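Q: Contents are mmCIF, C-alpha atoms; chains and numbers go by the auth columns; file name structure.cif:
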```
data_work
#
loop_
_atom_site.group_PDB
_atom_site.id
_atom_site.type_symbol
_atom_site.label_atom_id
_atom_site.label_comp_id
_atom_site.label_asym_id
_atom_site.label_seq_id
_atom_site.Cartn_x
_atom_site.Cartn_y
_atom_site.Cartn_z
_atom_site.B_iso_or_equiv
_atom_site.auth_seq_id
_atom_site.auth_asym_id
ATOM 1 C CA MET A 1 -63.128 24.734 40.840 0.00 173 A
ATOM 2 C CA ASN A 2 -60.580 23.046 38.598 0.00 174 A
ATOM 3 C CA ILE A 3 -57.400 24.404 40.203 0.00 175 A
ATOM 4 C CA LEU A 4 -55.090 23.420 37.357 0.00 176 A
ATOM 5 C CA HIS A 5 -57.322 24.876 34.634 0.00 177 A
ATOM 6 C CA GLU A 6 -57.958 28.118 36.524 0.00 178 A
ATOM 7 C CA GLY A 7 -54.260 28.453 37.346 0.00 179 A
ATOM 8 C CA LEU A 8 -53.233 28.036 33.708 0.00 180 A
ATOM 9 C CA LEU A 9 -55.760 30.698 32.731 0.00 181 A
ATOM 10 C CA ARG A 10 -54.409 33.104 35.355 0.00 182 A
ATOM 11 C CA LEU A 11 -50.877 32.522 34.037 0.00 183 A
ATOM 12 C CA GLY A 12 -52.036 33.447 30.520 0.00 184 A
ATOM 13 C CA PHE A 13 -51.766 30.069 28.837 0.00 185 A
ATOM 14 C CA ASP A 14 -54.935 30.765 26.870 0.00 186 A
ATOM 15 C CA LYS A 15 -53.101 33.450 24.864 0.00 187 A
ATOM 16 C CA GLY A 16 -51.196 30.953 22.715 0.00 188 A
ATOM 17 C CA ASP A 17 -47.773 32.546 23.024 0.00 189 A
ATOM 18 C CA PHE A 18 -45.384 34.500 25.232 0.00 190 A
ATOM 19 C CA PHE A 19 -43.060 37.066 23.611 0.00 191 A
ATOM 20 C CA GLY A 20 -43.844 35.579 20.215 0.00 192 A
ATOM 21 C CA ILE A 21 -42.882 32.046 21.315 0.00 193 A
ATOM 22 C CA GLN A 22 -45.758 29.676 20.548 0.00 194 A
ATOM 23 C CA ILE A 23 -46.869 27.435 23.397 0.00 195 A
ATOM 24 C CA LEU A 24 -48.902 24.241 23.405 0.00 196 A
ATOM 25 C CA PRO A 25 -52.660 24.956 23.249 0.00 197 A
ATOM 26 C CA LEU A 26 -54.237 25.221 26.684 0.00 198 A
ATOM 27 C CA ASP A 27 -56.444 22.134 26.403 0.00 199 A
ATOM 28 C CA GLU A 28 -53.529 19.945 25.281 0.00 200 A
ATOM 29 C CA LEU A 29 -51.198 21.245 27.989 0.00 201 A
ATOM 30 C CA GLU A 30 -53.853 20.794 30.647 0.00 202 A
ATOM 31 C CA ALA A 31 -54.456 17.200 29.545 0.00 203 A
ATOM 32 C CA LYS A 32 -50.734 16.408 29.680 0.00 204 A
ATOM 33 C CA MET A 33 -50.342 17.996 33.111 0.00 205 A
ATOM 34 C CA GLU A 34 -53.356 16.099 34.472 0.00 206 A
ATOM 35 C CA LYS A 35 -51.756 12.893 33.266 0.00 207 A
ATOM 36 C CA TYR A 36 -48.426 13.930 34.777 0.00 208 A
ATOM 37 C CA ILE A 37 -50.078 14.611 38.140 0.00 209 A
ATOM 38 C CA ALA A 38 -51.642 11.142 38.045 0.00 210 A
ATOM 39 C CA ILE A 39 -48.230 9.580 37.335 0.00 211 A
ATOM 40 C CA LEU A 40 -46.654 11.546 40.191 0.00 212 A
ATOM 41 C CA GLN A 41 -49.374 10.340 42.539 0.00 213 A
ATOM 42 C CA GLU A 42 -48.869 6.748 41.423 0.00 214 A
ATOM 43 C CA TYR A 43 -45.084 6.680 41.771 0.00 215 A
ATOM 44 C CA ASN A 44 -44.382 9.251 44.489 0.00 216 A
ATOM 45 C CA ALA A 45 -44.056 6.866 47.410 0.00 217 A
ATOM 46 C CA LYS A 46 -41.902 4.379 45.485 0.00 218 A
ATOM 47 C CA PHE A 47 -39.443 6.947 44.109 0.00 219 A
ATOM 48 C CA ASP A 48 -39.634 9.617 46.868 0.00 220 A
ATOM 49 C CA LEU A 49 -40.308 12.307 44.268 0.00 221 A
ATOM 50 C CA ILE A 50 -42.165 15.239 45.824 0.00 222 A
ATOM 51 C CA ASN A 51 -43.501 16.390 49.201 0.00 223 A
ATOM 52 C CA ALA A 52 -47.138 16.358 48.108 0.00 224 A
ATOM 53 C CA ASP A 53 -49.754 13.709 47.376 0.00 225 A
ATOM 54 C CA GLU A 54 -53.067 15.507 46.833 0.00 226 A
ATOM 55 C CA HIS A 55 -54.005 16.522 43.284 0.00 227 A
ATOM 56 C CA ASP A 56 -54.526 20.235 43.958 0.00 228 A
ATOM 57 C CA GLU A 57 -51.394 20.543 46.078 0.00 229 A
ATOM 58 C CA ILE A 58 -49.295 19.006 43.294 0.00 230 A
ATOM 59 C CA ALA A 59 -51.004 21.221 40.721 0.00 231 A
ATOM 60 C CA VAL A 60 -50.201 24.407 42.643 0.00 232 A
ATOM 61 C CA LYS A 61 -46.838 23.760 44.309 0.00 233 A
ATOM 62 C CA HIS A 62 -45.258 21.876 41.430 0.00 234 A
ATOM 63 C CA ILE A 63 -47.052 22.277 38.087 0.00 235 A
ATOM 64 C CA LEU A 64 -48.183 25.903 38.295 0.00 236 A
ATOM 65 C CA ASP A 65 -44.981 26.844 40.114 0.00 237 A
ATOM 66 C CA SER A 66 -42.894 25.352 37.289 0.00 238 A
ATOM 67 C CA LEU A 67 -44.980 27.000 34.583 0.00 239 A
ATOM 68 C CA SER A 68 -45.025 30.407 36.286 0.00 240 A
ATOM 69 C CA GLY A 69 -41.503 31.008 34.999 0.00 241 A
ATOM 70 C CA LEU A 70 -42.363 30.239 31.382 0.00 242 A
ATOM 71 C CA PRO A 71 -43.146 33.814 30.272 0.00 243 A
ATOM 72 C CA LYS A 72 -39.686 35.006 31.362 0.00 244 A
ATOM 73 C CA ILE A 73 -38.064 31.910 29.859 0.00 245 A
ATOM 74 C CA CYS A 74 -39.855 32.640 26.576 0.00 246 A
ATOM 75 C CA ASP A 75 -38.551 36.203 26.770 0.00 247 A
ATOM 76 C CA ILE A 76 -35.017 34.814 27.011 0.00 248 A
ATOM 77 C CA LEU A 77 -35.589 32.314 24.206 0.00 249 A
ATOM 78 C CA SER A 78 -37.060 34.968 21.907 0.00 250 A
ATOM 79 C CA ARG A 79 -33.658 36.656 21.876 0.00 251 A
ATOM 80 C CA ALA A 80 -31.514 33.508 21.830 0.00 252 A
ATOM 81 C CA GLY A 81 -32.057 32.168 18.306 0.00 253 A
ATOM 82 C CA GLU A 82 -34.150 29.649 16.396 0.00 254 A
ATOM 83 C CA ALA A 83 -35.714 26.834 18.416 0.00 255 A
ATOM 84 C CA ASP A 84 -34.002 24.015 16.519 0.00 256 A
ATOM 85 C CA SER A 85 -30.569 25.543 17.188 0.00 257 A
ATOM 86 C CA LEU A 86 -30.972 25.787 20.975 0.00 258 A
ATOM 87 C CA SER A 87 -30.349 23.214 23.678 0.00 259 A
ATOM 88 C CA LEU A 88 -32.110 23.474 27.043 0.00 260 A
ATOM 89 C CA ALA A 89 -31.528 21.488 30.218 0.00 261 A
ATOM 90 C CA ASP A 90 -33.183 20.845 33.572 0.00 262 A
ATOM 91 C CA ILE A 91 -30.330 20.252 36.020 0.00 263 A
ATOM 92 C CA GLY A 92 -31.055 17.842 38.866 0.00 264 A
ATOM 93 C CA SER A 93 -34.451 17.143 37.361 0.00 265 A
ATOM 94 C CA GLY A 94 -35.631 14.745 40.076 0.00 266 A
ATOM 95 C CA ALA A 95 -39.351 14.300 39.493 0.00 267 A
ATOM 96 C CA GLY A 96 -39.102 16.303 36.267 0.00 268 A
ATOM 97 C CA LEU A 97 -39.709 19.718 37.747 0.00 269 A
ATOM 98 C CA PRO A 98 -39.600 22.184 36.115 0.00 270 A
ATOM 99 C CA GLY A 99 -38.356 20.326 33.014 0.00 271 A
ATOM 100 C CA ILE A 100 -41.419 18.248 32.169 0.00 272 A
ATOM 101 C CA PRO A 101 -44.009 21.057 32.419 0.00 273 A
ATOM 102 C CA LEU A 102 -41.718 23.410 30.470 0.00 274 A
ATOM 103 C CA SER A 103 -40.933 20.879 27.739 0.00 275 A
ATOM 104 C CA ALA A 104 -44.628 20.013 27.418 0.00 276 A
ATOM 105 C CA ALA A 105 -45.460 23.692 26.934 0.00 277 A
ATOM 106 C CA LEU A 106 -42.630 24.212 24.419 0.00 278 A
ATOM 107 C CA PRO A 107 -42.585 21.117 22.157 0.00 279 A
ATOM 108 C CA GLN A 108 -40.445 22.906 19.544 0.00 280 A
ATOM 109 C CA TYR A 109 -37.451 23.134 21.928 0.00 281 A
ATOM 110 C CA LYS A 110 -35.061 20.297 22.826 0.00 282 A
ATOM 111 C CA PHE A 111 -34.840 19.575 26.551 0.00 283 A
ATOM 112 C CA THR A 112 -32.368 17.336 28.370 0.00 284 A
ATOM 113 C CA LEU A 113 -33.356 16.234 31.866 0.00 285 A
ATOM 114 C CA ILE A 114 -30.155 15.689 33.871 0.00 286 A
ATOM 115 C CA GLU A 115 -30.604 13.385 36.868 0.00 287 A
ATOM 116 C CA ARG A 116 -27.964 11.391 38.776 0.00 288 A
ATOM 117 C CA MET A 117 -30.237 8.705 40.278 0.00 289 A
ATOM 118 C CA THR A 118 -30.942 5.672 38.076 0.00 290 A
ATOM 119 C CA LYS A 119 -34.434 5.005 39.438 0.00 291 A
ATOM 120 C CA ARG A 120 -35.489 8.597 38.904 0.00 292 A
ATOM 121 C CA CYS A 121 -34.145 8.493 35.357 0.00 293 A
ATOM 122 C CA ALA A 122 -36.389 5.481 34.781 0.00 294 A
ATOM 123 C CA PHE A 123 -39.308 7.506 36.119 0.00 295 A
ATOM 124 C CA LEU A 124 -38.474 10.463 33.862 0.00 296 A
ATOM 125 C CA ASN A 125 -38.279 8.231 30.797 0.00 297 A
ATOM 126 C CA HIS A 126 -41.654 6.760 31.740 0.00 298 A
ATOM 127 C CA CYS A 127 -43.143 10.249 31.992 0.00 299 A
ATOM 128 C CA ALA A 128 -41.684 11.310 28.649 0.00 300 A
ATOM 129 C CA ASP A 129 -43.148 8.215 27.002 0.00 301 A
ATOM 130 C CA GLU A 130 -46.569 8.523 28.642 0.00 302 A
ATOM 131 C CA LEU A 131 -46.860 12.235 27.882 0.00 303 A
ATOM 132 C CA GLU A 132 -45.458 11.769 24.353 0.00 304 A
ATOM 133 C CA LEU A 133 -42.729 14.343 24.880 0.00 305 A
ATOM 134 C CA LYS A 134 -40.704 13.774 21.726 0.00 306 A
ATOM 135 C CA ASN A 135 -38.462 16.746 22.546 0.00 307 A
ATOM 136 C CA VAL A 136 -37.167 15.278 25.820 0.00 308 A
ATOM 137 C CA THR A 137 -33.992 13.284 26.464 0.00 309 A
ATOM 138 C CA VAL A 138 -33.188 11.888 29.899 0.00 310 A
ATOM 139 C CA GLU A 139 -29.512 11.697 30.836 0.00 311 A
ATOM 140 C CA GLU A 140 -28.166 9.944 33.927 0.00 312 A
ATOM 141 C CA ASN A 141 -25.365 12.253 34.957 0.00 313 A
ATOM 142 C CA GLN A 142 -24.154 14.795 37.481 0.00 314 A
ATOM 143 C CA ALA A 143 -23.758 18.473 36.727 0.00 315 A
ATOM 144 C CA GLU A 144 -20.071 18.256 37.625 0.00 316 A
ATOM 145 C CA ARG A 145 -19.466 15.725 34.852 0.00 317 A
ATOM 146 C CA LEU A 146 -21.241 17.538 32.028 0.00 318 A
ATOM 147 C CA GLU A 147 -19.150 18.867 29.183 0.00 319 A
ATOM 148 C CA GLN A 148 -18.350 22.539 28.997 0.00 320 A
ATOM 149 C CA LYS A 149 -20.386 25.034 26.964 0.00 321 A
ATOM 150 C CA ARG A 150 -23.103 22.494 26.154 0.00 322 A
ATOM 151 C CA PHE A 151 -26.406 24.279 26.837 0.00 323 A
ATOM 152 C CA ASP A 152 -27.962 27.620 25.902 0.00 324 A
ATOM 153 C CA LEU A 153 -30.306 27.659 28.882 0.00 325 A
ATOM 154 C CA CYS A 154 -30.300 25.668 32.110 0.00 326 A
ATOM 155 C CA VAL A 155 -33.239 25.668 34.498 0.00 327 A
ATOM 156 C CA PHE A 156 -33.441 24.269 37.986 0.00 328 A
ATOM 157 C CA ARG A 157 -35.567 24.512 41.092 0.00 329 A
ATOM 158 C CA ALA A 158 -32.999 25.424 43.696 0.00 330 A
ATOM 159 C CA PHE A 159 -34.102 24.339 47.134 0.00 331 A
ATOM 160 C CA ARG A 160 -30.578 24.643 48.508 0.00 332 A
ATOM 161 C CA PRO A 161 -28.365 27.754 48.497 0.00 333 A
ATOM 162 C CA LEU A 162 -26.323 28.453 45.385 0.00 334 A
ATOM 163 C CA GLU A 163 -22.747 28.231 46.640 0.00 335 A
ATOM 164 C CA LYS A 164 -19.353 28.817 45.006 0.00 336 A
ATOM 165 C CA LYS A 165 -18.713 25.318 43.661 0.00 337 A
ATOM 166 C CA MET A 166 -22.167 24.773 42.140 0.00 338 A
ATOM 167 C CA ALA A 167 -22.285 28.264 40.627 0.00 339 A
ATOM 168 C CA LYS A 168 -18.975 27.559 38.893 0.00 340 A
ATOM 169 C CA VAL A 169 -20.203 24.190 37.598 0.00 341 A
ATOM 170 C CA LEU A 170 -23.471 25.574 36.249 0.00 342 A
ATOM 171 C CA LEU A 171 -21.819 28.493 34.489 0.00 343 A
ATOM 172 C CA ARG A 172 -19.216 26.168 32.992 0.00 344 A
ATOM 173 C CA ILE A 173 -21.793 24.013 31.192 0.00 345 A
ATOM 174 C CA LEU A 174 -23.431 27.065 29.619 0.00 346 A
ATOM 175 C CA LYS A 175 -22.504 28.285 26.172 0.00 347 A
ATOM 176 C CA ASP A 176 -21.147 31.815 25.968 0.00 348 A
ATOM 177 C CA GLY A 177 -24.123 34.154 26.176 0.00 349 A
ATOM 178 C CA GLY A 178 -26.254 31.459 27.811 0.00 350 A
ATOM 179 C CA CYS A 179 -28.429 31.816 30.903 0.00 351 A
ATOM 180 C CA LEU A 180 -29.287 30.000 34.096 0.00 352 A
ATOM 181 C CA ALA A 181 -32.872 30.315 35.301 0.00 353 A
ATOM 182 C CA ALA A 182 -33.265 29.256 38.929 0.00 354 A
ATOM 183 C CA TYR A 183 -36.613 28.943 40.669 0.00 355 A
ATOM 184 C CA LYS A 184 -36.049 30.157 44.211 0.00 356 A
ATOM 185 C CA ALA A 185 -37.924 31.577 47.186 0.00 357 A
ATOM 186 C CA LYS A 186 -37.231 34.757 49.163 0.00 358 A
ATOM 187 C CA LYS A 187 -35.550 37.680 47.418 0.00 359 A
ATOM 188 C CA ALA A 188 -33.575 38.592 50.541 0.00 360 A
ATOM 189 C CA ASN A 189 -32.044 35.107 50.664 0.00 361 A
ATOM 190 C CA ILE A 190 -31.204 35.238 46.962 0.00 362 A
ATOM 191 C CA ILE A 191 -29.322 38.519 47.356 0.00 363 A
ATOM 192 C CA GLU A 192 -27.427 37.080 50.327 0.00 364 A
ATOM 193 C CA GLU A 193 -26.453 34.006 48.276 0.00 365 A
ATOM 194 C CA MET A 194 -25.256 36.094 45.346 0.00 366 A
ATOM 195 C CA ASP A 195 -23.307 38.458 47.576 0.00 367 A
ATOM 196 C CA GLY A 196 -21.592 35.421 49.074 0.00 368 A
ATOM 197 C CA LEU A 197 -20.122 34.276 45.764 0.00 369 A
ATOM 198 C CA PRO A 198 -16.438 35.205 45.244 0.00 370 A
ATOM 199 C CA GLN A 199 -17.154 36.503 41.750 0.00 371 A
ATOM 200 C CA LYS A 200 -20.708 37.800 41.733 0.00 372 A
ATOM 201 C CA PRO A 201 -22.285 37.011 38.343 0.00 373 A
ATOM 202 C CA LYS A 202 -24.564 39.324 36.426 0.00 374 A
ATOM 203 C CA TYR A 203 -28.093 38.451 37.495 0.00 375 A
ATOM 204 C CA GLU A 204 -31.653 39.706 37.770 0.00 376 A
ATOM 205 C CA ILE A 205 -34.476 38.635 40.051 0.00 377 A
ATOM 206 C CA PHE A 206 -37.975 38.368 38.601 0.00 378 A
ATOM 207 C CA PRO A 207 -40.925 37.920 41.003 0.00 379 A
ATOM 208 C CA LEU A 208 -43.178 35.006 40.086 0.00 380 A
ATOM 209 C CA VAL A 209 -46.926 34.945 40.579 0.00 381 A
ATOM 210 C CA VAL A 210 -48.026 31.372 41.251 0.00 382 A
ATOM 211 C CA PRO A 211 -51.836 31.103 41.332 0.00 383 A
ATOM 212 C CA PHE A 212 -53.196 29.965 44.710 0.00 384 A
ATOM 213 C CA LEU A 213 -49.702 30.167 46.268 0.00 385 A
ATOM 214 C CA THR A 214 -48.078 33.607 46.097 0.00 386 A
ATOM 215 C CA GLU A 215 -51.345 35.514 45.917 0.00 387 A
ATOM 216 C CA ASN A 216 -52.825 34.348 49.226 0.00 388 A
ATOM 217 C CA ALA A 217 -51.581 37.425 51.049 0.00 389 A
ATOM 218 C CA GLY A 218 -51.783 37.230 54.813 0.00 390 A
ATOM 219 C CA THR A 219 -52.362 33.486 54.993 0.00 391 A
ATOM 220 C CA GLU A 220 -50.067 30.673 56.067 0.00 392 A
ATOM 221 C CA GLU A 221 -50.138 29.302 52.532 0.00 393 A
ATOM 222 C CA GLU A 222 -48.581 32.425 51.032 0.00 394 A
ATOM 223 C CA ARG A 223 -45.202 31.763 49.448 0.00 395 A
ATOM 224 C CA GLU A 224 -42.643 34.078 47.892 0.00 396 A
ATOM 225 C CA ARG A 225 -41.312 32.759 44.596 0.00 397 A
ATOM 226 C CA ASN A 226 -38.733 34.327 42.295 0.00 398 A
ATOM 227 C CA LEU A 227 -36.892 33.425 39.117 0.00 399 A
ATOM 228 C CA VAL A 228 -33.211 34.290 39.206 0.00 400 A
ATOM 229 C CA VAL A 229 -31.691 34.738 35.756 0.00 401 A
ATOM 230 C CA ILE A 230 -27.897 34.576 35.659 0.00 402 A
ATOM 231 C CA GLU A 231 -26.074 35.456 32.458 0.00 403 A
ATOM 232 C CA LYS A 232 -22.759 34.034 31.338 0.00 404 A
#
```
Take the structure from the file and write it as structure tokens.
A:
Amino acid sequence: MNILHEGLLRLGFDKGDFFGIQILPLDELEAKMEKYIAILQEYNAKFDLINADEHDEIAVKHILDSLSGLPKICDILSRAGEADSLSLADIGSGAGLPGIPLSAALPQYKFTLIERMTKRCAFLNHCADELELKNVTVEENQAERLEQKRFDLCVFRAFRPLEKKMAKVLLRILKDGGCLAAYKAKKANIIEEMDGLPQKPKYEIFPLVVPFLTENAGTEEERERNLVVIEK
């Protein structure tokens, strides 16, 4: 079984669009993601990018996980305005997750990959060139130093808790009416994090179905994944 291909089918990438937002054709997206996986495998050890080395593990835990949030992101974008007027960012992009899969799937939207480490920025630029992602800009910067009200939508894969200082920073760089979309794990932990913020923002939690990860009920490989959407 081709895990990546089957996973993209299960996520609905053969439909051509989500909420009226056109996405890259399945065969083109699959080809780009296969190339991206190969690049990750080649450079992982040198740049300490991800905690996976095998093709299928990368495909599931990183590529399909990143793309599982795209339908909800398209829902947000469908109500945000015309593609050429919107600015999207992946904060703390690291290996380019979820920014590179999302930008590959949505070539009509401008993405900025924000990363503070110089060597990882070099890696991200290499990926953008190799995958011919004309809609991607890599910026070496920290979230704390970004200008206010710059982006319409910020995405990030949040492996650490969202605490007071970072929540304030992320909301500050959003335009009025903008959204944060955070890929996170257990719903119970998310609610605890949000309840711990001094000024609890308006948010919703959307369960994500990641093929071969969240659907393996009763096995050790089962993972809970959610997309937290915070409005400004």
Q: The PyMOL selection byres ((chain A and resi 238-245) around 9) - which residues does that actually catch in the file I just gave you? List them as a PyMOL selection string.
A: chain A and resi 180+183-184+189-191+233-237+246-250+269-274+277+325+329+353+355+378+380-383+398-399
Q: For this file, the PyMOL selection byres ((chain A and resi 293) around 10) selects which residues, as a list in words?
A: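 When the PyMOL selection byres ((chain A and resi 293) around 10) is applied to the shown file, the picked residues are Ser265, Gly266, Ala267, Gly268, Leu285, Ile286, Glu287, Arg288, Met289, Thr290, Lys291, Arg292, Ala294, Phe295, Leu296, Asn297, His298, Cys299, Val310, Glu311, Glu312 and Asn313 of chain A.
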Q: Of the residues A:Val308, A:Ala360, A:Val401, A:Val341, which is the one nearest to Leu260 (chain A), using only C-alpha atoms?
A: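 Checking each of A:Val308, A:Ala360, A:Val401, A:Val341 against Leu260 (chain A), counting only C-alpha atoms, the winner is A:Val308.
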Q: Nearest to Leu346 (chain A) among A:Asn174, A:Asn307, A:Thr284, A:Ser259, with distances taken over all atoms listed in the file: which residue is it?
A: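 Comparing A:Asn174, A:Asn307, A:Thr284, A:Ser259 against Leu346 (chain A), the winner is A:Ser259.
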Q: Give the answer as one residue: which of A:Lys204, A:Arg395, A:Arg182, A:Lys372 has the shortest atom-to-atom distance to Ser275 (chain A), using all atoms listed in the file?
A: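 Residue with the minimum atom-to-atom distance to Ser275 (chain A): A:Lys204.
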Q: Taking the file as shown, what set of residues would the PyMOL selection byres ((chain A and resi 280) around 9) give back, as a PDB file with C-alpha atoms, in the coordinates of the input?
A:
```
ATOM      1  CA  GLN A 194     -45.758  29.676  20.548  1.00  0.00           C
ATOM      2  CA  ILE A 195     -46.869  27.435  23.397  1.00  0.00           C
ATOM      3  CA  ALA A 255     -35.714  26.834  18.416  1.00  0.00           C
ATOM      4  CA  ASP A 256     -34.002  24.015  16.519  1.00  0.00           C
ATOM      5  CA  SER A 275     -40.933  20.879  27.739  1.00  0.00           C
ATOM      6  CA  ALA A 277     -45.460  23.692  26.934  1.00  0.00           C
ATOM      7  CA  LEU A 278     -42.630  24.212  24.419  1.00  0.00           C
ATOM      8  CA  PRO A 279     -42.585  21.117  22.157  1.00  0.00           C
ATOM      9  CA  TYR A 281     -37.451  23.134  21.928  1.00  0.00           C
ATOM     10  CA  LYS A 282     -35.061  20.297  22.826  1.00  0.00           C
ATOM     11  CA  ASN A 307     -38.462  16.746  22.546  1.00  0.00           C
TER      12      ASN A 307
END
```
Q: Using Å and a single decimal, report how far CA of Met366 (chain A) sits from CA of Lys337 (chain A).
A: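 Between these atoms lies a distance of 12.7 Å.
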Q: Between CA of Phe283 (chain A) and CA of Ala300 (chain A), what distance in Å does the model show, to one decimal?
A: 10.9 Å
Q: Can you tell me how far CA of Cys326 (chain A) sits from CA of Glu302 (chain A), in Å to one decimal?
A: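 Taking CA of Cys326 (chain A) and CA of Glu302 (chain A), their separation equals 23.9 Å.
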Q: Could you add N, CA, C and O atoms to region 362-374 of chain A and give me the result as a CSV table (one decimal), keeping the file's coordinate frame?
A:
```csv
chain,number,residue,atom,x,y,z
A,362,ILE,N,-31.9,35.3,48.2
A,362,ILE,CA,-31.2,35.2,47.0
A,362,ILE,C,-30.1,36.3,46.9
A,362,ILE,O,-28.9,35.9,46.5
A,363,ILE,N,-30.3,37.5,47.4
A,363,ILE,CA,-29.3,38.5,47.4
A,363,ILE,C,-28.2,38.1,48.3
A,363,ILE,O,-27.0,38.3,47.9
A,364,GLU,N,-28.5,37.5,49.4
A,364,GLU,CA,-27.4,37.1,50.3
A,364,GLU,C,-26.6,36.0,49.7
A,364,GLU,O,-25.3,36.0,49.8
A,365,GLU,N,-27.2,35.1,49.0
A,365,GLU,CA,-26.5,34.0,48.3
A,365,GLU,C,-25.5,34.6,47.2
A,365,GLU,O,-24.3,34.2,47.1
A,366,MET,N,-26.0,35.5,46.4
A,366,MET,CA,-25.3,36.1,45.3
A,366,MET,C,-24.1,36.9,45.9
A,366,MET,O,-23.0,36.9,45.4
A,367,ASP,N,-24.4,37.7,47.0
A,367,ASP,CA,-23.3,38.5,47.6
A,367,ASP,C,-22.2,37.6,48.2
A,367,ASP,O,-21.1,38.0,48.3
A,368,GLY,N,-22.6,36.3,48.5
A,368,GLY,CA,-21.6,35.4,49.1
A,368,GLY,C,-20.7,34.7,48.1
A,368,GLY,O,-19.7,34.1,48.5
A,369,LEU,N,-21.0,34.9,46.8
A,369,LEU,CA,-20.1,34.3,45.8
A,369,LEU,C,-18.9,35.1,45.6
A,369,LEU,O,-18.9,36.3,45.5
A,370,PRO,N,-17.7,34.5,45.4
A,370,PRO,CA,-16.4,35.2,45.2
A,370,PRO,C,-16.5,36.2,44.0
A,370,PRO,O,-16.0,37.3,44.1
A,371,GLN,N,-17.0,35.7,42.9
A,371,GLN,CA,-17.2,36.5,41.8
A,371,GLN,C,-18.6,36.6,41.4
A,371,GLN,O,-19.2,35.7,40.8
A,372,LYS,N,-19.3,37.7,41.9
A,372,LYS,CA,-20.7,37.8,41.7
A,372,LYS,C,-21.1,37.9,40.3
A,372,LYS,O,-20.6,38.8,39.6
A,373,PRO,N,-21.9,37.0,39.8
A,373,PRO,CA,-22.3,37.0,38.3
A,373,PRO,C,-23.3,38.1,38.1
A,373,PRO,O,-23.9,38.6,39.0
A,374,LYS,N,-23.5,38.4,36.8
A,374,LYS,CA,-24.6,39.3,36.4
A,374,LYS,C,-25.9,38.6,36.5
A,374,LYS,O,-26.1,37.5,35.9
```
